[in-house]
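Here is structure_29.txt, consisting of compact mmCIF, C-alpha atoms and all ligand atoms:
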# COMPACT_ATOMS: atom_id res chain seq x y z
CA MET V 874 -23.38 -7.96 11.42
CA SER V 875 -24.51 -8.36 7.84
CA VAL V 876 -22.02 -8.27 5.01
CA PHE V 877 -24.24 -8.53 1.94
CA ALA V 878 -26.59 -5.81 3.24
CA HIS V 879 -23.80 -3.57 4.53
CA PRO V 880 -24.01 -0.01 3.09
CA ASP V 881 -20.38 -0.28 1.94
CA PHE V 882 -20.78 -3.69 0.35
CA ASP V 883 -20.38 -3.06 -3.37
CA GLN V 884 -20.66 -6.52 -4.93
CA HIS V 885 -17.31 -7.46 -3.41
CA GLU V 886 -16.15 -10.77 -4.83
CA GLN V 887 -14.91 -12.22 -1.57
CA VAL V 888 -14.72 -11.16 2.06
CA VAL V 889 -12.62 -13.41 4.26
CA PHE V 890 -12.77 -13.36 8.04
CA CYS V 891 -9.47 -14.65 9.39
CA HIS V 892 -9.21 -16.03 12.91
CA ASP V 893 -6.29 -17.81 14.51
CA PRO V 894 -7.08 -18.47 18.19
CA ALA V 895 -3.50 -19.53 19.03
CA SER V 896 -1.96 -16.18 18.07
CA GLY V 897 -5.06 -14.07 18.65
CA LEU V 898 -5.23 -12.96 15.03
CA LYS V 899 -8.49 -11.40 13.97
CA ALA V 900 -8.44 -9.93 10.49
CA ILE V 901 -10.59 -9.33 7.43
CA ILE V 902 -9.44 -9.53 3.81
CA ALA V 903 -11.75 -7.96 1.23
CA ILE V 904 -11.33 -8.66 -2.47
CA HIS V 905 -13.47 -6.10 -4.22
CA ASN V 906 -12.85 -6.85 -7.86
CA THR V 907 -10.37 -8.88 -9.88
CA HIS V 908 -11.56 -8.10 -13.44
CA LEU V 909 -8.33 -6.31 -14.29
CA GLY V 910 -6.00 -8.57 -12.31
CA PRO V 911 -5.24 -9.85 -8.82
CA ALA V 912 -6.45 -7.62 -6.01
CA LEU V 913 -3.55 -5.62 -4.60
CA GLY V 914 -3.86 -3.42 -1.54
CA GLY V 915 -2.19 -2.75 1.78
CA CYS V 916 -2.66 -4.57 5.06
CA ARG V 917 -3.62 -2.11 7.78
CA MET V 918 -3.35 -2.79 11.51
CA PHE V 919 -5.59 -0.67 13.70
CA PRO V 920 -7.30 -1.05 17.10
CA TYR V 921 -10.81 -0.84 15.66
CA ALA V 922 -13.38 -0.22 18.38
CA THR V 923 -15.72 -2.77 16.83
CA GLU V 924 -15.63 -5.46 14.16
CA THR V 925 -18.23 -3.43 12.29
CA ASP V 926 -15.76 -0.53 12.06
CA ALA V 927 -13.12 -2.90 10.68
CA LEU V 928 -15.54 -4.30 8.11
CA ARG V 929 -16.56 -0.82 6.99
CA ASP V 930 -12.93 0.22 6.55
CA VAL V 931 -11.92 -2.86 4.58
CA LEU V 932 -14.97 -2.74 2.30
CA ARG V 933 -14.39 0.92 1.45
CA LEU V 934 -10.64 0.74 1.10
CA SER V 935 -10.73 -2.33 -1.15
CA ARG V 936 -13.22 -0.64 -3.50
CA GLY V 937 -10.97 2.41 -3.58
CA MET V 938 -8.09 0.19 -4.69
CA THR V 939 -10.12 -1.10 -7.64
CA LEU V 940 -10.67 2.50 -8.81
CA LYS V 941 -7.07 3.50 -8.20
CA SER V 942 -5.48 0.61 -10.10
CA SER V 943 -7.97 0.95 -12.92
CA LEU V 944 -7.11 4.59 -13.56
CA ALA V 945 -3.42 3.93 -13.08
CA GLY V 946 -3.65 1.55 -16.05
CA LEU V 947 -2.45 -1.45 -14.05
CA ALA V 948 -3.38 -5.09 -14.50
CA LEU V 949 -4.53 -5.17 -10.91
CA GLY V 950 -7.81 -5.37 -9.09
CA GLY V 951 -8.76 -3.94 -5.71
CA GLY V 952 -8.33 -5.51 -2.32
CA LYS V 953 -7.36 -4.64 1.21
CA ALA V 954 -6.74 -6.35 4.53
CA VAL V 955 -7.23 -5.13 8.08
CA ILE V 956 -5.84 -6.68 11.24
CA ILE V 957 -7.84 -5.78 14.32
CA GLY V 958 -5.29 -4.87 16.98
CA ASP V 959 -2.87 -2.34 18.36
CA PRO V 960 0.07 -1.94 15.96
CA HIS V 961 2.40 -1.00 18.85
CA THR V 962 1.60 -3.81 21.25
CA GLY V 963 -0.45 -6.39 19.34
CA LYS V 964 2.08 -7.92 16.95
CA SER V 965 3.86 -11.23 17.32
CA GLN V 966 5.64 -13.41 14.80
CA ALA V 967 2.94 -16.05 15.30
CA LEU V 968 0.20 -13.55 14.49
CA LEU V 969 2.00 -12.25 11.40
CA HIS V 970 2.72 -15.79 10.22
CA ALA V 971 -0.93 -16.72 10.68
CA MET V 972 -1.89 -13.70 8.58
CA GLY V 973 0.65 -14.73 5.94
CA ASP V 974 -0.95 -18.20 5.85
CA PHE V 975 -4.39 -16.70 5.25
CA ILE V 976 -3.02 -14.55 2.41
CA GLU V 977 -1.34 -17.60 0.90
CA SER V 978 -4.58 -19.57 1.13
CA LEU V 979 -6.14 -17.17 -1.38
CA GLY V 980 -3.70 -18.41 -4.01
CA GLY V 981 -2.65 -14.96 -5.28
CA ARG V 982 -6.13 -13.49 -5.70
CA TYR V 983 -5.05 -10.99 -3.04
CA ILE V 984 -1.54 -9.47 -2.88
CA THR V 985 -0.63 -7.55 0.22
CA ALA V 986 1.60 -4.51 0.89
CA ALA V 987 2.45 -2.19 3.77
CA ASP V 988 -0.14 0.26 5.05
CA SER V 989 -0.67 2.23 8.23
CA GLY V 990 0.38 0.11 11.20
CA THR V 991 2.50 -2.21 9.07
CA GLY V 992 5.85 -1.79 7.33
CA ASP V 993 8.91 -3.63 6.10
CA ALA V 994 9.20 -5.89 9.15
CA GLU V 995 5.62 -7.12 8.79
CA MET V 996 6.01 -7.64 5.05
CA GLN V 997 9.10 -9.71 5.69
CA ALA V 998 7.23 -11.82 8.25
CA PHE V 999 4.38 -12.37 5.76
CA ALA V 1000 6.92 -13.25 3.08
CA GLN V 1001 8.08 -16.18 5.19
CA ARG V 1002 4.63 -17.70 4.61
CA THR V 1003 3.40 -16.34 1.30
CA ARG V 1004 4.71 -15.17 -2.07
CA HIS V 1005 1.84 -12.76 -2.42
CA VAL V 1006 3.45 -9.76 -0.77
CA VAL V 1007 5.20 -6.67 -2.13
CA GLY V 1008 7.21 -3.87 -0.58
CA ALA V 1009 10.14 -5.66 0.98
CA SER V 1010 12.86 -3.20 1.96
CA SER V 1011 14.92 -3.54 -1.20
CA ARG V 1012 14.69 -5.22 -4.57
CA THR V 1013 16.74 -5.90 -7.65
CA THR V 1014 15.22 -4.34 -10.75
CA LEU V 1015 15.35 -5.88 -14.21
CA ASP V 1016 18.32 -3.73 -15.13
CA GLY V 1017 20.17 -5.19 -12.15
CA SER V 1018 20.10 -2.09 -9.97
CA ILE V 1019 19.00 -2.16 -6.36
CA ALA V 1020 16.04 0.04 -5.56
CA SER V 1021 14.47 0.90 -2.23
CA GLY V 1022 11.02 -0.56 -1.53
CA ASP V 1023 9.77 2.90 -0.48
CA PRO V 1024 7.38 4.03 -3.22
CA SER V 1025 7.03 7.63 -1.98
CA PRO V 1026 9.44 9.19 -4.53
CA SER V 1027 7.22 7.78 -7.30
CA THR V 1028 4.15 9.11 -5.52
CA ALA V 1029 5.76 12.56 -5.38
CA LEU V 1030 6.65 12.40 -9.08
CA GLY V 1031 3.01 11.61 -9.92
CA VAL V 1032 1.78 14.50 -7.78
CA PHE V 1033 4.26 16.85 -9.42
CA VAL V 1034 3.15 15.83 -12.92
CA GLY V 1035 -0.52 16.03 -11.93
CA LEU V 1036 -0.10 19.43 -10.29
CA ARG V 1037 1.49 20.75 -13.48
CA GLU V 1038 -1.47 19.46 -15.50
CA ALA V 1039 -3.91 21.10 -13.09
CA ILE V 1040 -2.33 24.53 -13.33
CA ARG V 1041 -2.27 24.22 -17.12
CA GLN V 1042 -5.99 23.44 -17.07
CA ARG V 1043 -7.14 25.94 -14.46
CA LEU V 1044 -4.62 28.79 -14.77
CA GLY V 1045 -3.40 28.35 -18.35
CA ARG V 1046 0.18 28.17 -17.08
CA ASN V 1047 2.93 25.90 -18.32
CA ASP V 1048 5.67 27.37 -16.21
CA LEU V 1049 6.09 26.73 -12.49
CA ALA V 1050 8.49 29.65 -11.95
CA GLY V 1051 7.04 31.89 -9.27
CA LEU V 1052 4.00 29.63 -8.74
CA LYS V 1053 2.83 29.92 -5.13
CA VAL V 1054 2.27 26.50 -3.55
CA ALA V 1055 1.25 25.60 0.02
CA ILE V 1056 2.20 22.07 1.06
CA GLN V 1057 0.56 20.47 4.09
CA GLY V 1058 2.90 17.82 5.53
CA MET V 1059 6.65 17.55 5.02
CA GLY V 1060 6.87 13.77 5.30
CA HIS V 1061 8.05 11.31 2.66
CA VAL V 1062 5.90 12.58 -0.19
CA GLY V 1063 5.62 16.23 0.87
CA LEU V 1064 9.37 16.77 1.06
CA SER V 1065 10.05 14.98 -2.21
CA LEU V 1066 7.34 17.04 -3.93
CA ALA V 1067 8.73 20.24 -2.39
CA ARG V 1068 12.19 19.46 -3.80
CA ARG V 1069 10.77 19.05 -7.30
CA LEU V 1070 8.70 22.23 -7.06
CA LYS V 1071 11.64 24.20 -5.71
CA ALA V 1072 13.84 22.99 -8.56
CA ALA V 1073 11.16 24.19 -10.99
CA GLY V 1074 11.18 27.66 -9.43
CA ALA V 1075 7.99 27.57 -7.34
CA GLU V 1076 7.60 29.59 -4.14
CA LEU V 1077 6.80 27.34 -1.19
CA TRP V 1078 4.84 27.64 2.03
CA VAL V 1079 4.93 24.53 4.19
CA CYS V 1080 3.72 23.19 7.52
CA ASP V 1081 4.06 20.06 9.61
CA ILE V 1082 3.17 19.04 13.16
CA PHE V 1083 6.62 17.47 13.56
CA ASP V 1084 9.27 20.13 14.22
CA ALA V 1085 12.22 18.25 12.73
CA ASN V 1086 10.42 17.98 9.39
CA VAL V 1087 9.66 21.68 9.36
CA GLN V 1088 13.26 22.51 10.17
CA ARG V 1089 14.49 20.30 7.33
CA ALA V 1090 12.24 22.15 4.88
CA MET V 1091 13.51 25.52 6.10
CA ASP V 1092 17.16 24.50 5.90
CA GLU V 1093 17.07 22.67 2.63
CA LEU V 1094 14.40 24.44 0.63
CA ASP V 1095 14.31 27.93 2.02
CA ALA V 1096 10.55 27.41 2.31
CA ARG V 1097 8.33 29.69 4.39
CA VAL V 1098 6.96 27.82 7.37
CA VAL V 1099 3.47 28.48 8.69
CA ARG V 1100 1.53 27.03 11.60
CA PRO V 1101 -0.52 23.96 10.63
CA GLU V 1102 -3.81 25.79 11.21
CA ASP V 1103 -2.73 28.65 8.91
CA ILE V 1104 -1.95 26.55 5.82
CA TYR V 1105 -5.49 26.72 4.40
CA GLY V 1106 -5.94 30.48 4.33
CA LEU V 1107 -2.83 31.43 2.35
CA ASP V 1108 -3.04 33.47 -0.82
CA VAL V 1109 -1.53 30.79 -3.07
CA GLU V 1110 -2.32 29.27 -6.44
CA VAL V 1111 -2.00 25.65 -5.31
CA PHE V 1112 -2.84 23.85 -2.10
CA ALA V 1113 -1.07 20.47 -1.93
CA PRO V 1114 -2.37 18.27 0.93
CA CYS V 1115 0.29 15.68 1.77
CA ALA V 1116 -0.57 14.75 5.35
CA MET V 1117 -3.93 13.23 6.26
CA GLY V 1118 -7.43 12.63 4.91
CA GLY V 1119 -10.67 14.56 5.38
CA ILE V 1120 -8.99 17.95 5.04
CA LEU V 1121 -11.42 19.27 2.43
CA ASN V 1122 -14.42 19.94 4.64
CA GLU V 1123 -16.87 22.71 5.53
CA GLN V 1124 -14.46 24.37 7.97
CA THR V 1125 -11.39 24.40 5.75
CA LEU V 1126 -13.40 25.49 2.69
CA GLU V 1127 -14.38 28.64 4.57
CA VAL V 1128 -10.82 29.87 4.18
CA LEU V 1129 -9.35 27.77 1.37
CA ARG V 1130 -9.34 29.89 -1.77
CA ALA V 1131 -6.56 28.26 -3.84
CA PRO V 1132 -7.83 27.74 -7.42
CA VAL V 1133 -5.98 24.40 -7.64
CA ILE V 1134 -5.93 21.60 -5.06
CA ALA V 1135 -3.48 18.84 -5.92
CA GLY V 1136 -1.74 16.67 -3.35
CA ALA V 1137 -0.94 13.13 -2.24
CA ALA V 1138 -3.12 12.61 0.81
CA ASN V 1139 -5.66 9.79 0.62
CA ASN V 1140 -9.39 10.44 1.05
CA GLN V 1141 -9.14 14.21 0.99
CA LEU V 1142 -12.88 14.87 0.63
CA ALA V 1143 -14.60 14.74 4.03
CA THR V 1144 -17.82 13.79 2.20
CA PRO V 1145 -18.49 13.08 -1.49
CA GLU V 1146 -20.57 16.29 -1.71
CA ILE V 1147 -17.44 18.38 -1.18
CA GLY V 1148 -16.41 17.46 -4.73
CA ALA V 1149 -19.49 19.27 -6.05
CA VAL V 1150 -18.87 22.26 -3.78
CA LEU V 1151 -15.35 22.64 -5.18
CA GLN V 1152 -16.67 22.44 -8.72
CA ARG V 1153 -19.26 25.17 -8.06
CA ARG V 1154 -16.53 27.36 -6.57
CA ASN V 1155 -14.29 26.78 -9.60
CA GLN V 1156 -11.55 25.21 -7.50
CA LEU V 1157 -9.98 22.47 -9.57
CA TRP V 1158 -9.47 19.34 -7.48
CA ALA V 1159 -7.16 16.61 -8.71
CA PRO V 1160 -8.86 13.42 -7.44
CA ASP V 1161 -6.59 11.98 -4.77
CA TYR V 1162 -6.53 8.38 -5.89
CA VAL V 1163 -5.58 9.43 -9.40
CA ILE V 1164 -2.81 11.90 -8.58
CA ASN V 1165 -1.27 9.75 -5.81
CA ALA V 1166 -1.14 6.53 -7.85
CA GLY V 1167 2.64 6.75 -8.32
CA GLY V 1168 3.03 4.60 -5.21
CA ILE V 1169 0.95 1.70 -6.47
CA ILE V 1170 2.55 1.93 -9.90
CA ASP V 1171 5.94 1.62 -8.20
CA VAL V 1172 4.74 -1.32 -6.10
CA TYR V 1173 3.33 -3.01 -9.22
CA TYR V 1174 6.73 -2.88 -10.89
CA GLN V 1175 8.30 -4.20 -7.70
CA ARG V 1176 6.05 -7.19 -8.23
CA ILE V 1177 6.63 -7.80 -11.92
CA GLY V 1178 10.13 -6.36 -12.20
CA GLY V 1179 10.86 -3.15 -14.07
CA SER V 1180 13.51 -0.49 -14.51
CA ALA V 1181 13.41 2.94 -12.94
CA ALA V 1182 12.83 4.38 -16.43
CA GLN V 1183 9.78 2.17 -16.96
CA ILE V 1184 8.33 3.20 -13.62
CA ASP V 1185 8.89 6.91 -14.30
CA ALA V 1186 7.30 6.67 -17.74
CA HIS V 1187 4.24 4.95 -16.33
CA VAL V 1188 3.94 7.41 -13.44
CA LYS V 1189 4.13 10.35 -15.84
CA GLY V 1190 1.00 8.94 -17.54
CA ILE V 1191 -0.91 10.25 -14.50
CA GLY V 1192 -0.72 13.66 -16.20
CA GLU V 1193 -2.63 12.41 -19.26
CA THR V 1194 -5.26 10.66 -17.15
CA LEU V 1195 -5.85 13.85 -15.19
CA ARG V 1196 -6.04 15.91 -18.38
CA GLU V 1197 -8.84 13.65 -19.60
CA ILE V 1198 -10.65 13.94 -16.26
CA PHE V 1199 -10.32 17.73 -16.16
CA GLN V 1200 -11.53 18.10 -19.73
CA ARG V 1201 -14.53 15.79 -19.27
CA ALA V 1202 -15.45 17.61 -16.05
CA GLU V 1203 -15.21 20.98 -17.80
CA GLN V 1204 -17.30 19.86 -20.77
CA ALA V 1205 -20.03 18.25 -18.70
CA GLN V 1206 -19.81 20.78 -15.85
CA ILE V 1207 -19.59 18.03 -13.24
CA PRO V 1208 -17.12 17.43 -10.39
CA THR V 1209 -13.76 15.88 -11.18
CA SER V 1210 -14.43 13.35 -8.40
CA LEU V 1211 -17.44 11.98 -10.29
CA VAL V 1212 -15.62 11.89 -13.63
CA ALA V 1213 -12.75 9.94 -12.07
CA ASP V 1214 -15.07 7.34 -10.53
CA ARG V 1215 -16.95 6.91 -13.79
CA LEU V 1216 -13.82 6.60 -15.88
CA ALA V 1217 -12.32 4.07 -13.47
CA LEU V 1218 -15.46 1.94 -13.51
CA GLU V 1219 -15.75 2.15 -17.29
CA ARG V 1220 -12.30 0.62 -17.50
CA VAL V 1221 -13.25 -2.14 -15.08
CA GLN V 1222 -16.38 -2.84 -17.13
CA ALA V 1223 -14.40 -2.87 -20.33
CA ALA V 1224 -12.43 -5.77 -18.88
CA GLY V 1225 -15.51 -7.73 -19.90
CA ARG V 1226 -17.02 -9.28 -16.81
CA PRO V 1227 -20.47 -8.55 -15.35
CA GLU V 1228 -20.28 -5.39 -13.37
CA THR V 1229 -20.17 -4.54 -9.69
CA GLY V 1230 -22.05 -1.69 -8.06
CA ALA V 1231 -20.72 0.46 -10.87
CA GLN V 1232 -24.20 0.67 -12.40
CA ARG V 1233 -25.17 3.23 -9.79
CA LEU V 1234 -22.49 5.62 -11.01
CA LEU V 1235 -22.66 4.87 -14.68
CA ALA V 1236 -26.43 5.22 -14.84
P1 LIG E 1 4.40 10.60 6.14
O1 LIG E 1 3.88 10.02 7.40
O2 LIG E 1 5.82 10.35 5.76
O3 LIG E 1 4.19 12.18 6.14
C1 LIG E 1 3.06 12.81 6.61
C2 LIG E 1 3.52 14.09 7.28
O4 LIG E 1 2.37 14.86 7.62
C3 LIG E 1 4.32 13.85 8.56
O5 LIG E 1 5.53 14.58 8.51
C4 LIG E 1 3.38 14.35 9.65
O6 LIG E 1 4.08 14.89 10.77
C5 LIG E 1 2.60 15.41 8.90
N1 LIG E 1 1.31 15.76 9.47
C6 LIG E 1 0.41 14.96 10.11
N2 LIG E 1 -0.66 15.67 10.49
C7 LIG E 1 -0.44 16.94 10.09
C8 LIG E 1 -1.18 18.14 10.20
N3 LIG E 1 -2.36 18.19 10.83
N4 LIG E 1 -0.67 19.27 9.65
C9 LIG E 1 0.53 19.25 9.05
N5 LIG E 1 1.30 18.14 8.93
C10 LIG E 1 0.81 17.00 9.44
O7 LIG E 1 3.40 10.10 4.99
P2 LIG E 1 3.68 10.11 3.42
O8 LIG E 1 4.16 8.77 3.01
O9 LIG E 1 4.44 11.33 3.06
O10 LIG E 1 2.17 10.23 2.89
C11 LIG E 1 1.49 11.48 2.96
C12 LIG E 1 0.04 11.28 2.51
O11 LIG E 1 0.01 10.74 1.18
C13 LIG E 1 -0.76 10.28 3.36
O12 LIG E 1 -2.12 10.68 3.37
C14 LIG E 1 -0.64 8.99 2.58
O13 LIG E 1 -1.73 8.13 2.85
C15 LIG E 1 -0.70 9.51 1.16
N6 LIG E 1 -0.04 8.61 0.20
C16 LIG E 1 1.25 8.27 0.36
C17 LIG E 1 1.85 7.43 -0.58
C18 LIG E 1 3.30 7.04 -0.44
O14 LIG E 1 3.84 6.50 -1.41
N7 LIG E 1 3.94 7.27 0.69
C19 LIG E 1 1.10 6.93 -1.66
C20 LIG E 1 -0.23 7.33 -1.80
C21 LIG E 1 -0.81 8.16 -0.85
Show how you would write the structure in this file as structure tokens.
Amino acid sequence: MSVFAHPDFDQHEQVVFCHDPASGLKAIIAIHNTHLGPALGGCRMFPYATETDALRDVLRLSRGMTLKSSLAGLALGGGKAVIIGDPHTGKSQALLHAMGDFIESLGGRYITAADSGTGDAEMQAFAQRTRHVVGASSRTTLDGSIASGDPSPSTALGVFVGLREAIRQRLGRNDLAGLKVAIQGMGHVGLSLARRLKAAGAELWVCDIFDANVQRAMDELDARVVRPEDIYGLDVEVFAPCAMGGILNEQTLEVLRAPVIAGAANNQLATPEIGAVLQRRNQLWAPDYVINAGGIIDVYYQRIGGSAAQIDAHVKGIGETLREIFQRAEQAQIPTSLVADRLALERVQAAGRPETGAQRLLA
């Protein structure tokens, strides 16, 4: 298994293979780029079929974190960690402590956080061995208040602000009253977004595969519930994906006609080419890692300390970043996905160090 010749290797600064035979830990930490600051990114635990799959995931995800933090205007670089194992049966304190020791050994070049397969309990176990961890279950902010470690309300705020910018750009609307929005997924972010949209007067269609979440949306928000497979074909102005990745693909685009697509889910484009397809069809896509950056902004302030007002102000900046992306895309007639990547890499380059695989995109 080659690392330097791997198709997803993008001049990563450091890739660390972590093995602790006593606990059975097998993990990879990838530090993509630290030009803007220490590499922050979640630690995922997943039963990867092969080590090659794990390497691919960590290389891609860490690069994505560089782009995300860059456009979020944070003094952070991009990194990610993956633990190879079953998150339900494969965890032990010894394994988590061994992982914490590996994170500590990097001296703060990589800062970890929760991701799929890990949560508060794992972060607390890491924190027994390293300072370089964020997302404990509660924290005291600079103003002395206690805030939850869950960043999803900030993510939802960023999506709300970004969605408003997108409808301004594509539909020339400033007002959300009567705006028809379909939300896929009524989890942490989806519900919080739905509450904001409802308060602003939008009409909501929602779906979820988990009945209790659907019921909550019906009771609290008076939203119209549709079957998960019917969410794409609705006659709405905005489609807000807030469940899983890969949902913008050839099949869904056959029925998805919403002029604006703006939601929290990560990795929404099944392939990079879908960004160009959306542009040709005049469907304005808010790049996922830009519009959903409220979470990492929140986590950043958990690290450095900051008031709720500071976090909100920073998250609201997502609107301005998206405006710039939409306008550049419109002027150059290129996909918003490409503009976002270029802008993010320009900012990394401007940090003044020799560049990573950015040349390919900036050329
Ligand atoms: P969550 O697990 O709380 O909610 C996801 C919801 O989607 C669940 O209710 C689940 O039942 C539902 N769902 C799953 N598959 C579905 C399907 N096929 N159709 C309809 N509903 C389905 O997760 P979350 O924290 O709300 O995050 C939502 C998305 O946003 C994820 O892609 C996540 O990676 C991304 N995201 C979240 C944050 C955050 O701060 N939580 C930050 C950035 C990105």
- [ ] Find the residues near Ile904 of chain V: any atom within 6 Å, counting only C-alpha atoms, skip ones fewer than 5 places away on the same chain, and give them as a ChimeraX atom specification.
- [x] /V:886-887,952
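One distance worth recording is that between atom CA of Leu909 of chain V and atom CA of Ser943 of chain V, which is 7.4 Å.
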TODO: Could you check how far atom N4 of ligand LIG 1 (chain E) sits from atom CA of Arg1130 of chain V, in Å to one decimal?
DONE: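 Going from atom N4 of ligand LIG 1 (chain E) over to atom CA of Arg1130 of chain V, I get 17.8 Å.
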Open item on the list: Residues within 10 Å of (-12.6, -0.1, 0.1), file coordinates, counting all atoms listed in the file: what are they? Give the list as a ChimeraX atom specification.
Closed with: /V:881-883,885,903-905,914,928-940,951-954
Task: Proximity to Thr925 of chain V - best of V:Gly1179, V:Gly980, V:Gly1022, V:Pro880, only C-alpha atoms - done: V:Pro880
TODO: Please check which protein, DNA or RNA residues sit within 6 Å of ligand LIG 1 (chain E), counting all atoms listed in the file, and write them as a PyMOL selection string.
DONE: chain V and resi 1024-1025+1028+1057-1063+1080-1083+1101+1115-1118+1137-1139+1165+1168
Open item on the list: Set the distance at 8 Å and use all atoms listed in the file: which residues neighbour Gln966 of chain V once local chain neighbours fewer than 3 positions away are removed? I'd like the list as a list in words.
Closed with: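 These residues fall inside the cut-off: Leu969, His970 and Ala998 of chain V.
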TODO: Place a sphere of radius 8 Å on (-0.4, 0.5, 1.8) in the file coordinates and name every protein, DNA or RNA residue with an atom inside or on its surface, counting only C-alpha atoms; give the answer as a list in words.
DONE: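 Protein, DNA and RNA residues close to (-0.4, 0.5, 1.8): Gly914, Gly915, Cys916, Arg917, Ala986, Ala987, Asp988 and Ser989 of chain V.
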TODO: Kindly give the distance, in Å, that separates atom CA of Ser965 of chain V and atom CA of Ser896 of chain V, rounded to a single decimal.
DONE: 7.7 Å
Task: Nearby residues (only C-alpha atoms) at most 8 Å from Arg982 of chain V, same-chain spacing under 5 positions excluded, as a ChimeraX atom specification - done: /V:904,907,911-912
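Residue nearest Ala1055 of chain V within the list V:Leu1030, V:Leu1126, V:Ala1075, V:Leu1142: V:Ala1075 [criterion: smallest interatomic distance, only C-alpha atoms].
Minimum distance to Lys1053 of chain V across V:Ala1039, V:Leu1107, V:Ala1085, V:Leu1066 (counting all atoms listed in the file) occurs at V:Leu1107.
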